[in-house]
>>> print(open('query36.tsv').read())   # TSV, C-alpha atoms
chain	number	residue	atom	x	y	z
A	7	MET	CA	-7.14	164.01	47.07
A	8	ALA	CA	-10.68	162.92	46.48
A	9	GLU	CA	-10.56	160.48	49.29
A	10	ILE	CA	-9.39	163.08	51.73
A	11	VAL	CA	-12.30	165.31	50.81
A	12	GLN	CA	-14.66	162.43	51.31
A	13	GLU	CA	-13.31	161.67	54.69
A	14	GLU	CA	-13.67	165.25	55.73
A	15	LYS	CA	-17.27	165.24	54.69
A	16	GLN	CA	-17.99	162.13	56.65
A	17	GLU	CA	-16.42	163.61	59.67
A	18	GLY	CA	-18.67	166.58	59.21
A	19	GLY	CA	-21.58	164.32	59.95
A	20	LYS	CA	-23.42	164.74	56.61
A	21	LYS	CA	-24.80	161.48	55.35
A	22	LYS	CA	-23.98	160.90	51.74
A	23	PRO	CA	-23.68	157.61	49.92
A	24	LYS	CA	-20.10	156.53	49.89
A	25	LYS	CA	-18.36	157.10	46.59
A	26	HIS	CA	-16.41	154.15	45.38
A	27	SER	CA	-13.76	154.63	42.78
A	28	VAL	CA	-15.03	151.87	40.51
A	29	ASN	CA	-12.53	149.85	38.61
A	30	ILE	CA	-13.98	147.68	35.90
A	31	ASP	CA	-11.73	145.09	34.46
A	32	MET	CA	-11.84	145.94	30.78
A	33	THR	CA	-9.47	143.31	29.51
A	34	PRO	CA	-12.07	140.77	28.31
A	35	MET	CA	-13.96	143.52	26.53
A	36	VAL	CA	-10.80	144.68	24.79
A	37	ASP	CA	-10.04	141.11	23.84
A	38	LEU	CA	-13.44	140.67	22.33
A	39	MET	CA	-13.17	143.96	20.49
A	40	CYS	CA	-9.81	143.00	19.09
A	41	LEU	CA	-11.27	139.78	17.80
A	42	LEU	CA	-14.27	141.50	16.26
A	43	ILE	CA	-12.12	144.14	14.60
A	44	THR	CA	-9.87	141.50	13.13
A	45	PHE	CA	-12.90	139.60	11.90
A	46	PHE	CA	-14.45	142.61	10.20
A	47	MET	CA	-11.13	143.74	8.78
A	48	LEU	CA	-10.56	140.40	7.17
A	49	THR	CA	-14.07	139.94	5.82
A	50	THR	CA	-14.59	143.45	4.47
A	51	ALA	CA	-13.95	143.73	0.77
A	52	PHE	CA	-12.70	147.24	0.28
A	53	SER	CA	-12.19	147.18	-3.42
A	54	LYS	CA	-15.49	146.89	-5.17
A	55	SER	CA	-15.28	144.78	-8.24
A	56	LYS	CA	-14.81	146.69	-11.47
A	57	VAL	CA	-16.71	146.36	-14.66
A	58	MET	CA	-15.67	146.56	-18.25
A	59	GLU	CA	-18.44	147.90	-20.39
A	60	ILE	CA	-18.98	146.54	-23.85
A	61	VAL	CA	-21.69	147.44	-26.27
A	62	LEU	CA	-22.48	144.99	-29.00
A	63	PRO	CA	-24.19	146.12	-32.18
A	64	GLU	CA	-27.81	145.20	-32.50
A	65	LYS	CA	-28.43	141.99	-34.31
A	66	LEU	CA	-28.98	142.66	-37.96
A	67	THR	CA	-32.19	141.55	-39.51
A	68	LYS	CA	-31.82	139.38	-42.57
A	69	ASN	CA	-32.64	142.07	-45.12
A	70	VAL	CA	-29.97	144.55	-44.07
A	71	ASP	CA	-26.45	144.24	-45.40
A	72	PRO	CA	-23.68	144.39	-42.83
A	73	PRO	CA	-21.70	147.62	-42.91
A	74	LYS	CA	-18.79	147.72	-45.35
A	75	ILE	CA	-15.32	148.34	-44.03
A	76	ALA	CA	-12.06	149.09	-45.77
A	77	GLU	CA	-10.06	145.93	-46.34
A	78	SER	CA	-6.70	147.67	-46.05
A	79	ARG	CA	-7.38	148.84	-42.52
A	80	THR	CA	-8.78	145.56	-41.28
A	81	LEU	CA	-6.87	143.51	-38.78
A	82	ASN	CA	-8.31	140.13	-37.89
A	83	ILE	CA	-7.49	138.62	-34.55
A	84	ILE	CA	-8.39	135.01	-33.96
A	85	LEU	CA	-8.40	133.72	-30.42
A	86	GLY	CA	-7.09	130.21	-30.65
A	87	PRO	CA	-6.77	127.33	-28.22
A	88	HIS	CA	-4.19	127.20	-25.41
A	89	ASP	CA	-4.07	130.98	-24.92
A	90	LYS	CA	-2.65	131.68	-28.35
A	91	VAL	CA	-3.64	134.52	-30.61
A	92	TYR	CA	-3.46	134.44	-34.38
A	93	TRP	CA	-3.77	137.45	-36.60
A	94	TYR	CA	-3.73	138.43	-40.23
A	95	PRO	CA	-4.37	141.70	-42.04
A	96	GLY	CA	-6.99	142.19	-44.73
A	97	LYS	CA	-9.58	139.62	-45.63
A	98	ALA	CA	-9.53	135.90	-46.16
A	99	ASP	CA	-11.40	135.26	-49.38
A	100	PRO	CA	-11.67	131.64	-50.51
A	101	ARG	CA	-11.91	132.84	-54.11
A	102	LYS	CA	-8.65	134.74	-53.90
A	103	LEU	CA	-5.84	132.32	-53.27
A	104	PRO	CA	-3.40	132.17	-51.59
A	105	LEU	CA	-5.02	132.79	-48.25
A	106	PRO	CA	-3.23	135.17	-45.89
A	107	ILE	CA	-0.85	133.50	-43.46
A	108	LEU	CA	-1.81	133.43	-39.79
A	109	GLN	CA	0.79	134.90	-37.48
A	110	GLU	CA	0.96	133.41	-34.03
A	111	THR	CA	1.48	135.46	-30.90
A	112	ASP	CA	0.26	135.60	-27.29
A	113	TYR	CA	-1.55	137.88	-24.86
A	114	SER	CA	1.58	139.26	-23.16
A	115	ASP	CA	2.70	142.87	-23.47
A	116	LYS	CA	5.34	141.75	-25.96
A	117	GLY	CA	2.84	139.87	-28.07
A	118	ILE	CA	-0.38	141.21	-29.48
A	119	ARG	CA	0.07	144.59	-27.81
A	120	GLN	CA	3.14	145.43	-29.90
A	121	ILE	CA	1.28	144.58	-33.09
A	122	LEU	CA	-1.69	146.69	-32.13
A	123	LEU	CA	0.46	149.61	-30.99
A	124	GLU	CA	2.49	149.51	-34.18
A	125	ARG	CA	-0.65	149.78	-36.26
A	126	ASN	CA	-2.30	152.31	-34.03
A	127	GLN	CA	0.77	154.53	-33.55
A	128	ALA	CA	-0.71	157.76	-34.84
A	129	LEU	CA	-3.81	157.65	-32.68
A	130	PHE	CA	-2.01	156.24	-29.64
A	131	ARG	CA	0.54	159.06	-29.79
A	132	LYS	CA	-2.21	161.64	-30.17
A	133	ILE	CA	-4.02	160.32	-27.09
A	134	ASP	CA	-0.77	160.06	-25.14
A	135	GLN	CA	0.21	163.60	-26.06
A	136	PHE	CA	-3.22	164.84	-25.08
A	137	LYS	CA	-3.04	163.10	-21.71
A	138	SER	CA	0.39	164.48	-20.89
A	139	ASP	CA	-0.72	167.95	-22.00
A	140	VAL	CA	-3.61	167.76	-19.60
A	141	LEU	CA	-1.29	166.58	-16.82
A	142	THR	CA	1.29	169.33	-17.37
A	143	GLY	CA	-1.39	171.95	-17.70
A	144	LYS	CA	-0.81	172.84	-21.34
A	145	ILE	CA	-4.43	172.19	-22.11
A	146	GLU	CA	-6.95	173.55	-19.67
A	147	ILE	CA	-9.88	171.23	-19.60
A	148	PRO	CA	-12.33	170.27	-16.86
A	149	ARG	CA	-11.56	166.86	-15.52
A	150	ASP	CA	-14.87	165.24	-16.40
A	151	SER	CA	-14.53	166.08	-20.08
A	152	VAL	CA	-11.16	164.39	-20.52
A	153	GLN	CA	-12.78	161.06	-21.32
A	154	SER	CA	-15.18	162.55	-23.81
A	155	ALA	CA	-12.31	164.47	-25.44
A	156	ILE	CA	-10.41	161.21	-25.86
A	157	ARG	CA	-13.51	159.63	-27.28
A	158	LYS	CA	-13.71	162.46	-29.78
A	159	LEU	CA	-10.07	161.92	-30.77
A	160	LYS	CA	-10.86	158.27	-31.37
A	161	LYS	CA	-13.91	159.09	-33.42
A	162	GLU	CA	-12.01	161.49	-35.67
A	163	ASP	CA	-9.22	159.05	-36.27
A	164	ASP	CA	-9.09	157.47	-39.71
A	165	THR	CA	-5.67	155.83	-39.76
A	166	GLY	CA	-5.84	153.18	-37.05
A	167	PRO	CA	-6.84	149.61	-37.72
A	168	ILE	CA	-10.34	148.24	-37.63
A	169	VAL	CA	-9.95	145.18	-35.46
A	170	LEU	CA	-12.21	142.20	-35.90
A	171	ILE	CA	-12.04	139.87	-32.94
A	172	LYS	CA	-12.99	136.32	-33.71
A	173	ALA	CA	-12.97	133.73	-31.01
A	174	SER	CA	-12.58	130.09	-31.89
A	175	LYS	CA	-14.47	127.38	-30.06
A	176	GLU	CA	-11.49	126.55	-27.91
A	177	ALA	CA	-11.02	130.07	-26.60
A	178	ARG	CA	-11.66	130.83	-22.95
A	179	TYR	CA	-13.68	133.67	-21.47
A	180	ALA	CA	-10.49	135.17	-20.04
A	181	ASN	CA	-9.10	135.42	-23.58
A	182	VAL	CA	-12.05	137.50	-24.71
A	183	VAL	CA	-11.71	139.81	-21.73
A	184	ASP	CA	-7.96	140.06	-22.32
A	185	ILE	CA	-8.31	141.05	-25.93
A	186	ILE	CA	-11.01	143.65	-25.30
A	187	ASP	CA	-8.82	144.98	-22.52
A	188	GLU	CA	-5.93	145.15	-24.95
A	189	MET	CA	-8.09	147.30	-27.23
A	190	SER	CA	-8.58	149.88	-24.52
A	191	ILE	CA	-4.91	149.75	-23.50
A	192	CYS	CA	-3.79	150.45	-27.05
A	193	GLY	CA	-6.53	152.99	-27.66
A	194	ILE	CA	-8.01	151.18	-30.63
A	195	ALA	CA	-10.90	153.25	-31.88
A	196	ARG	CA	-12.80	150.63	-33.82
A	197	TYR	CA	-13.17	147.00	-32.92
A	198	ALA	CA	-15.90	144.44	-33.01
A	199	LEU	CA	-16.60	140.94	-31.80
A	200	VAL	CA	-17.38	138.95	-34.91
A	201	ASP	CA	-18.28	135.32	-35.51
A	202	ILE	CA	-15.48	133.24	-36.92
A	203	ASN	CA	-16.16	131.97	-40.45
A	204	TYR	CA	-15.39	128.63	-41.98
A	205	VAL	CA	-12.38	129.88	-43.96
A	206	GLU	CA	-10.74	131.09	-40.79
A	207	VAL	CA	-11.57	127.89	-38.94
A	208	GLY	CA	-9.68	126.05	-41.66
A	209	MET	CA	-6.78	128.48	-41.50
A	210	LEU	CA	-6.63	128.13	-37.74
A	211	LYS	CA	-6.69	124.37	-37.99
A	212	SER	CA	-3.80	124.24	-40.42
A	213	ALA	CA	-1.88	126.80	-38.37
A	214	THR	CA	-2.19	124.80	-35.16
A	215	GLN	CA	-1.46	121.54	-36.92
A	216	GLY	CA	1.53	122.97	-38.71
A	217	GLN	CA	2.81	124.14	-35.38
A	218	THR	CA	2.46	120.78	-33.69
A	219	ALA	CA	4.08	119.09	-36.67
A	220	ALA	CA	6.96	121.52	-36.62
A	221	THR	CA	7.71	121.50	-32.91
A	222	PRO	CA	8.49	117.88	-32.14
A	223	VAL	CA	11.61	117.79	-34.26
A	224	PRO	CA	14.43	118.16	-31.77
A	225	THR	CA	17.84	118.65	-33.33
A	226	LYS	CA	20.52	116.73	-31.54
B	19	MET	CA	-6.34	151.75	28.68
B	20	THR	CA	-9.35	153.99	28.12
B	21	PRO	CA	-7.99	155.73	24.99
B	22	MET	CA	-7.19	152.36	23.52
B	23	VAL	CA	-10.69	151.10	24.17
B	24	ASP	CA	-12.06	154.29	22.65
B	25	LEU	CA	-10.03	153.79	19.54
B	26	PHE	CA	-11.03	150.16	19.34
B	27	SER	CA	-14.71	150.91	19.59
B	28	LEU	CA	-14.37	153.54	16.89
B	29	LEU	CA	-12.61	151.10	14.59
B	30	LEU	CA	-15.13	148.41	15.37
B	31	THR	CA	-18.04	150.70	14.56
B	32	PHE	CA	-16.35	151.78	11.35
B	33	PHE	CA	-15.75	148.26	10.14
B	34	MET	CA	-19.21	147.12	11.14
B	35	LEU	CA	-20.83	149.92	9.20
B	36	THR	CA	-18.70	149.60	6.07
B	37	ALA	CA	-18.87	145.82	5.93
B	38	THR	CA	-21.02	144.56	3.13
B	39	ILE	CA	-22.44	141.13	3.45
B	40	ARG	CA	-21.56	139.08	0.45
B	41	PRO	CA	-24.15	136.57	-0.60
B	42	GLN	CA	-22.68	133.15	-0.93
B	43	GLU	CA	-21.93	132.07	-4.45
B	44	PRO	CA	-23.07	128.60	-5.46
B	45	ALA	CA	-19.86	128.05	-7.41
B	46	PRO	CA	-16.42	129.58	-7.07
B	47	VAL	CA	-15.81	132.08	-9.85
B	48	ASP	CA	-12.34	133.30	-10.63
B	49	ILE	CA	-12.89	136.54	-12.51
B	50	PRO	CA	-10.36	137.79	-15.07
B	51	LEU	CA	-8.32	140.99	-14.82
B	52	SER	CA	-8.69	144.18	-16.79
B	53	ILE	CA	-7.56	147.79	-16.61
B	54	SER	CA	-11.10	149.15	-16.44
B	55	GLU	CA	-11.65	151.41	-13.44
B	56	LYS	CA	-15.41	151.70	-13.65
B	57	THR	CA	-17.02	150.33	-10.52
B	58	ALA	CA	-19.78	147.79	-10.66
B	59	PRO	CA	-23.34	149.07	-10.18
B	60	ASP	CA	-24.68	148.50	-6.68
B	61	LYS	CA	-28.36	148.59	-7.48
B	62	ASP	CA	-30.69	147.70	-10.32
B	63	TYR	CA	-28.60	145.04	-11.90
B	64	MET	CA	-28.93	141.45	-12.92
B	65	THR	CA	-25.94	139.19	-13.08
B	66	VAL	CA	-25.38	136.14	-15.21
B	67	VAL	CA	-22.71	134.01	-13.61
B	68	LEU	CA	-20.73	131.52	-15.70
B	69	SER	CA	-18.83	129.00	-13.66
B	70	LYS	CA	-15.73	127.02	-14.52
B	71	ASP	CA	-17.72	123.86	-15.19
B	72	ASP	CA	-20.00	125.73	-17.61
B	73	ARG	CA	-23.03	126.07	-15.40
B	74	VAL	CA	-25.06	129.24	-15.67
B	75	PHE	CA	-26.46	131.10	-12.67
B	76	PHE	CA	-28.63	134.15	-12.50
B	77	THR	CA	-29.43	136.76	-9.89
B	78	VAL	CA	-31.15	140.11	-9.58
B	79	ASP	CA	-30.29	142.80	-7.09
B	80	ASN	CA	-32.40	145.92	-6.97
B	81	GLY	CA	-30.65	147.62	-4.10
B	82	ASP	CA	-33.65	148.61	-2.03
B	83	THR	CA	-36.12	145.88	-1.26
B	84	SER	CA	-39.09	148.18	-0.68
B	85	GLN	CA	-40.52	147.55	-4.11
B	86	HIS	CA	-40.28	143.77	-3.88
B	87	PHE	CA	-38.88	143.30	-7.37
B	88	ARG	CA	-37.57	139.86	-6.57
B	89	ALA	CA	-40.93	138.73	-5.25
B	90	LYS	CA	-42.73	140.06	-8.31
B	91	LEU	CA	-40.19	138.38	-10.54
B	92	LEU	CA	-40.68	135.01	-8.91
B	93	MET	CA	-44.47	135.34	-9.12
B	94	ALA	CA	-44.24	136.19	-12.82
B	95	MET	CA	-41.95	133.25	-13.48
B	96	GLY	CA	-44.22	130.95	-11.48
B	97	LYS	CA	-47.19	132.06	-13.53
B	98	HIS	CA	-45.35	131.48	-16.79
B	99	TYR	CA	-44.19	128.00	-15.86
B	100	ASN	CA	-47.34	127.07	-13.92
B	101	VAL	CA	-45.55	126.66	-10.63
B	102	PRO	CA	-47.61	128.23	-7.83
B	103	PHE	CA	-45.44	129.57	-5.01
B	104	THR	CA	-46.58	130.03	-1.44
B	105	GLN	CA	-46.08	133.26	0.46
B	106	GLU	CA	-43.35	131.63	2.49
B	107	GLU	CA	-41.42	130.55	-0.58
B	108	VAL	CA	-41.60	134.01	-2.09
B	109	GLU	CA	-40.26	135.51	1.13
B	110	ASN	CA	-37.52	132.94	1.15
B	111	PHE	CA	-36.55	133.95	-2.38
B	112	GLU	CA	-36.44	137.61	-1.43
B	113	LYS	CA	-34.28	137.01	1.60
B	114	ASN	CA	-31.54	135.14	-0.27
B	115	PRO	CA	-29.91	137.51	-2.73
B	116	GLY	CA	-27.32	134.99	-3.92
B	117	SER	CA	-27.30	133.70	-7.46
B	118	PHE	CA	-29.19	130.56	-8.33
B	119	GLY	CA	-28.88	128.03	-11.09
B	120	VAL	CA	-32.07	126.11	-10.56
B	121	SER	CA	-34.50	124.99	-13.20
B	122	MET	CA	-38.11	126.06	-12.59
B	123	SER	CA	-39.22	122.48	-11.99
B	124	ASN	CA	-36.87	122.30	-9.02
B	125	MET	CA	-37.47	125.84	-7.80
B	126	LYS	CA	-40.12	124.87	-5.25
B	127	LYS	CA	-37.91	122.18	-3.80
B	128	TYR	CA	-34.99	124.61	-3.75
B	129	LEU	CA	-36.94	127.25	-1.84
B	130	ASP	CA	-38.38	124.75	0.62
B	131	ALA	CA	-35.05	123.14	1.39
B	132	ASP	CA	-33.86	124.13	4.80
B	133	ASN	CA	-30.22	123.21	4.80
B	134	PRO	CA	-27.62	124.68	2.43
B	135	LYS	CA	-26.34	121.28	1.36
B	136	GLU	CA	-29.71	120.30	-0.03
B	137	ARG	CA	-29.87	123.59	-1.90
B	138	GLN	CA	-26.40	123.18	-3.27
B	139	ALA	CA	-27.36	119.82	-4.74
B	140	LEU	CA	-30.17	121.45	-6.71
B	141	GLN	CA	-27.86	124.08	-8.26
B	142	THR	CA	-27.43	122.25	-11.52
B	143	GLY	CA	-27.27	125.37	-13.63
B	144	MET	CA	-29.96	127.35	-15.43
B	145	PRO	CA	-31.29	125.59	-18.53
B	146	ILE	CA	-30.31	127.60	-21.60
B	147	ASP	CA	-31.17	125.23	-24.45
B	148	SER	CA	-33.29	126.68	-27.16
B	149	THR	CA	-36.08	124.20	-26.31
B	150	ASP	CA	-36.16	125.18	-22.64
B	151	ASP	CA	-34.56	128.59	-22.40
B	152	GLN	CA	-35.35	129.63	-18.85
B	153	LEU	CA	-32.52	132.17	-18.65
B	154	ALA	CA	-34.22	134.12	-21.43
B	155	MET	CA	-37.48	134.15	-19.50
B	156	TRP	CA	-35.77	135.34	-16.33
B	157	ILE	CA	-34.16	138.15	-18.31
B	158	LEU	CA	-37.42	139.04	-20.04
B	159	TYR	CA	-39.41	139.27	-16.80
B	160	THR	CA	-36.64	141.08	-14.95
B	161	ARG	CA	-36.62	143.75	-17.60
B	162	GLN	CA	-40.39	143.98	-17.60
B	163	ILE	CA	-40.56	144.41	-13.84
B	164	ASN	CA	-37.65	146.80	-13.57
B	165	PRO	CA	-36.85	148.56	-16.86
B	166	ASP	CA	-33.77	150.29	-15.38
B	167	VAL	CA	-31.94	147.06	-14.83
B	168	GLN	CA	-28.35	146.80	-16.02
B	169	THR	CA	-26.72	143.61	-17.15
B	170	CYS	CA	-23.57	142.22	-15.62
B	171	ILE	CA	-21.74	139.12	-16.72
B	172	LYS	CA	-19.53	137.49	-14.15
B	173	GLY	CA	-17.61	134.74	-15.81
B	174	ASP	CA	-14.86	132.47	-14.67
B	175	GLY	CA	-11.72	132.89	-16.75
B	176	ASP	CA	-11.92	129.26	-17.75
B	177	ALA	CA	-15.50	129.31	-19.00
B	178	THR	CA	-15.51	128.25	-22.64
B	179	PHE	CA	-16.26	130.72	-25.38
B	180	PRO	CA	-19.22	128.85	-26.93
B	181	LEU	CA	-21.06	129.21	-23.61
B	182	VAL	CA	-20.21	132.90	-23.42
B	183	LYS	CA	-21.42	133.31	-26.98
B	184	LYS	CA	-24.65	131.47	-26.17
B	185	VAL	CA	-25.36	133.72	-23.20
B	186	LEU	CA	-24.57	136.84	-25.23
B	187	ASP	CA	-26.92	135.62	-27.95
B	188	ILE	CA	-29.72	135.04	-25.45
B	189	LEU	CA	-29.22	138.52	-24.05
B	190	GLN	CA	-29.17	140.05	-27.50
B	191	ASP	CA	-32.34	138.23	-28.45
B	192	LYS	CA	-33.94	140.06	-25.56
B	193	ASN	CA	-32.53	143.34	-26.87
B	194	VAL	CA	-29.83	143.72	-24.27
B	195	ASN	CA	-26.83	145.12	-26.10
B	196	ARG	CA	-24.89	146.78	-23.31
B	197	PHE	CA	-23.02	144.53	-20.93
B	198	ASN	CA	-20.81	145.01	-17.93
B	199	LEU	CA	-18.18	142.33	-17.69
B	200	ILE	CA	-17.13	142.04	-14.07
B	201	THR	CA	-13.37	142.06	-13.72
B	202	ASN	CA	-10.67	142.74	-11.19
B	203	LEU	CA	-8.40	145.72	-11.51
B	204	GLU	CA	-4.93	145.26	-12.91
B	205	LYS	CA	-2.54	148.14	-13.43
B	206	VAL	CA	-0.82	148.33	-16.79
B	207	GLU	CA	1.81	150.75	-17.94
B	208	VAL	CA	2.09	151.16	-21.66
B	209	LYS	CA	5.19	152.64	-23.16
B	210	GLU	CA	5.45	152.94	-26.87
B	211	ASN	CA	8.84	151.72	-27.95
B	212	ALA	CA	8.44	151.67	-31.67
B	213	GLN	CA	11.43	153.87	-32.29
>>> encode(input="query36.tsv", output="structure tokens")
Amino acid sequence: MAEIVQEEKQEGGKKKPKKHSVNIDMTPMVDLMCLLITFFMLTTAFSKSKVMEIVLPEKLTKNVDPPKIAESRTLNIILGPHDKVYWYPGKADPRKLPLPILQETDYSDKGIRQILLERNQALFRKIDQFKSDVLTGKIEIPRDSVQSAIRKLKKEDDTGPIVLIKASKEARYANVVDIIDEMSICGIARYALVDINYVEVGMLKSATQGQTAATPVPTK
Amino acid sequence: MTPMVDLFSLLLTFFMLTATIRPQEPAPVDIPLSISEKTAPDKDYMTVVLSKDDRVFFTVDNGDTSQHFRAKLLMAMGKHYNVPFTQEEVENFEKNPGSFGVSMSNMKKYLDADNPKERQALQTGMPIDSTDDQLAMWILYTRQINPDVQTCIKGDGDATFPLVKKVLDILQDKNVNRFNLITNLEKVEVKENAQ
């Protein structure tokens, strides 16, 4: 149609620059764009890395006694070599023999998590109940205050264990992250990273040695 | 064809604008997983990187560069260790936001080096011995220059605990008690099956 109009105009004698219907070959451009898009898609990191926040207590000055905690609620977790975890309840006192026996477990969801959940049942159930109540609409609460409400539940709790995390020299950084993560999974209200003491080093040593002595006895 | 090109240019613009340039890390770091959903800070943070072979690196990122925190930091460190830096070296330091594990005695050489290989060879890890604790000084001056700075620790899963403990101790000596451990997200479902 357009061409016909043009022709008519030319026949009419009016001088106008001739209109070309321009056809640019866009294929190379599209090719390039495809390549660039692929490049950017592959190099973009969409998920920003996450952080796990921990707050350590301030270092105590020499004159201040460390805070006292109830022995019956204490659960000691020792991060051993080769991704193993050892735990014992209470306190290892070299003056009170026999020493508690170290139980061995691992970082899987069947390992240390079950032990922590078992001990933290009351609080874990309370938090779980609260979360499901919020989801089903039983409790009307603004969304931003859910976390602080859970924090309050944790603060009020006085049945759950006080977990002391002690990493041995052979532990890896991933072990520390795993165990702190496990604390937040199980909703443990009170836990602390503590230095391992010499009694526990000895206990750990005998536990690992006992294990290696016990394992290479294959029964035929 | 035209609609396709339109769409492509839109996509291209989108990806170009959202792309964030990652500074190159001097050592590969395989970060552990956690369930934490808090995102890492994107400005005013310093990061201590622990690599698999137990080297320590350090970096500061203040988000906007208008206040020249990195330049001020390098000047302060140079003054403390009696290493005068030229204008060019300071600019070089500002331009490269990646983490560095270079002792102050090699810092000048590191900043003057013009090819990445030469730089890589100087990345021997930050000295953290109690006799020559340069990491502590970096942390001290960073906090003096920018008091809002947050602390991140980016450790390889295989870094040994004594090193982690050492770094935590250094940070605590400088009154840093709140840390962000950088992790990757991992979904976990917990069902209580005690009954």
>>> interface_residues(input="query36.tsv", of="chain A", to="chain B", cutoff="6 Å", atoms="all atoms listed in the file", output="JSON, numbers by chain")
{"A": [43, 46, 50, 55, 56, 57, 58, 59, 60, 61, 62, 175, 177, 178, 179, 180, 187]}
>>> residues_around(input="query36.tsv", residues="segment 111-124 of chain A", least_positions_apart="2", cutoff="7 Å", atoms="all atoms listed in the file", output="count of residues only")
10
>>> residues_around(input="query36.tsv", residues="segment 151-163 of chain A", least_positions_apart="3", cutoff="12 Å", atoms="all atoms listed in the file", output="JSON, numbers by chain")
{"A": [126, 127, 128, 129, 130, 131, 132, 133, 134, 135, 136, 137, 138, 139, 140, 141, 145, 146, 147, 148, 166, 167, 168, 190, 192, 193, 194, 195, 196, 197]}
>>> residues_around(input="query36.tsv", residues="Pro165 of chain B", least_positions_apart="4", cutoff="12 Å", atoms="all atoms listed in the file", output="count of residues only")
12
>>> residues_around(input="query36.tsv", residues="segment 208-213 of chain A", least_positions_apart="3", cutoff="9 Å", atoms="only C-alpha atoms", output="PyMOL selection string")
chain A and resi 84+86+92+105-110+174+203-205+216-218
>>> atom_distance(input="query36.tsv", atom1="atom CA of Ser78 of chain A", atom2="atom CA of Glu206 of chain A")
17.9 Å
>>> closest_residue(input="query36.tsv", among="B:Glu204, B:Gly96, B:Gln105, B:Ser148", to="Asn124 of chain B", atoms="only C-alpha atoms")
B:Gly96
>>> residues_around(input="query36.tsv", residues="Val101 of chain B", least_positions_apart="2", cutoff="9 Å", atoms="only C-alpha atoms", output="tab-separated table (two decimals) with C-alpha atoms, in the frame of the given file")
chain	number	residue	atom	x	y	z
B	93	MET	CA	-44.47	135.34	-9.12
B	95	MET	CA	-41.95	133.25	-13.48
B	96	GLY	CA	-44.22	130.95	-11.48
B	97	LYS	CA	-47.19	132.06	-13.53
B	98	HIS	CA	-45.35	131.48	-16.79
B	99	TYR	CA	-44.19	128.00	-15.86
B	103	PHE	CA	-45.44	129.57	-5.01
B	122	MET	CA	-38.11	126.06	-12.59
B	123	SER	CA	-39.22	122.48	-11.99
B	125	MET	CA	-37.47	125.84	-7.80
B	126	LYS	CA	-40.12	124.87	-5.25
>>> atom_distance(input="query36.tsv", atom1="atom CA of Thr142 of chain B", atom2="atom CA of Arg73 of chain B")
7.0 Å
>>> atom_distance(input="query36.tsv", atom1="atom CA of Thr49 of chain A", atom2="atom CA of Phe76 of chain B")
24.1 Å
>>> decode(input="query36.tsv", residues="segment 102-129 of chain A", atoms="C-alpha atoms", output="mmCIF file, in the first residue's frame")
data_model
loop_
_atom_site.group_PDB
_atom_site.id
_atom_site.type_symbol
_atom_site.label_atom_id
_atom_site.label_comp_id
_atom_site.auth_asym_id
_atom_site.auth_seq_id
_atom_site.Cartn_x
_atom_site.Cartn_y
_atom_site.Cartn_z
ATOM 1 C CA LYS A 102 34.372 -36.623 92.365
ATOM 2 C CA LEU A 103 35.116 -39.961 90.788
ATOM 3 C CA PRO A 104 33.970 -41.712 88.694
ATOM 4 C CA LEU A 105 33.924 -39.215 85.878
ATOM 5 C CA PRO A 106 30.804 -39.128 83.716
ATOM 6 C CA ILE A 107 30.965 -41.312 80.624
ATOM 7 C CA LEU A 108 31.192 -39.602 77.241
ATOM 8 C CA GLN A 109 28.490 -40.634 74.810
ATOM 9 C CA GLU A 110 29.446 -40.577 71.168
ATOM 10 C CA THR A 111 27.152 -39.345 68.426
ATOM 11 C CA ASP A 112 27.320 -37.341 65.194
ATOM 12 C CA TYR A 113 25.975 -34.169 63.596
ATOM 13 C CA SER A 114 23.163 -35.837 61.642
ATOM 14 C CA ASP A 115 19.490 -35.293 62.401
ATOM 15 C CA LYS A 116 19.425 -38.683 64.118
ATOM 16 C CA GLY A 117 22.413 -37.874 66.266
ATOM 17 C CA ILE A 118 22.864 -34.858 68.466
ATOM 18 C CA ARG A 119 19.555 -33.347 67.391
ATOM 19 C CA GLN A 120 17.534 -36.134 68.999
ATOM 20 C CA ILE A 121 19.411 -35.701 72.267
ATOM 21 C CA LEU A 122 18.876 -31.971 72.274
ATOM 22 C CA LEU A 123 15.209 -32.258 71.314
ATOM 23 C CA GLU A 124 14.595 -34.843 74.004
ATOM 24 C CA ARG A 125 15.998 -32.527 76.637
ATOM 25 C CA ASN A 126 14.376 -29.440 75.260
ATOM 26 C CA GLN A 127 10.942 -30.985 74.643
ATOM 27 C CA ALA A 128 8.905 -28.607 76.752
ATOM 28 C CA LEU A 129 10.291 -25.445 75.213
#
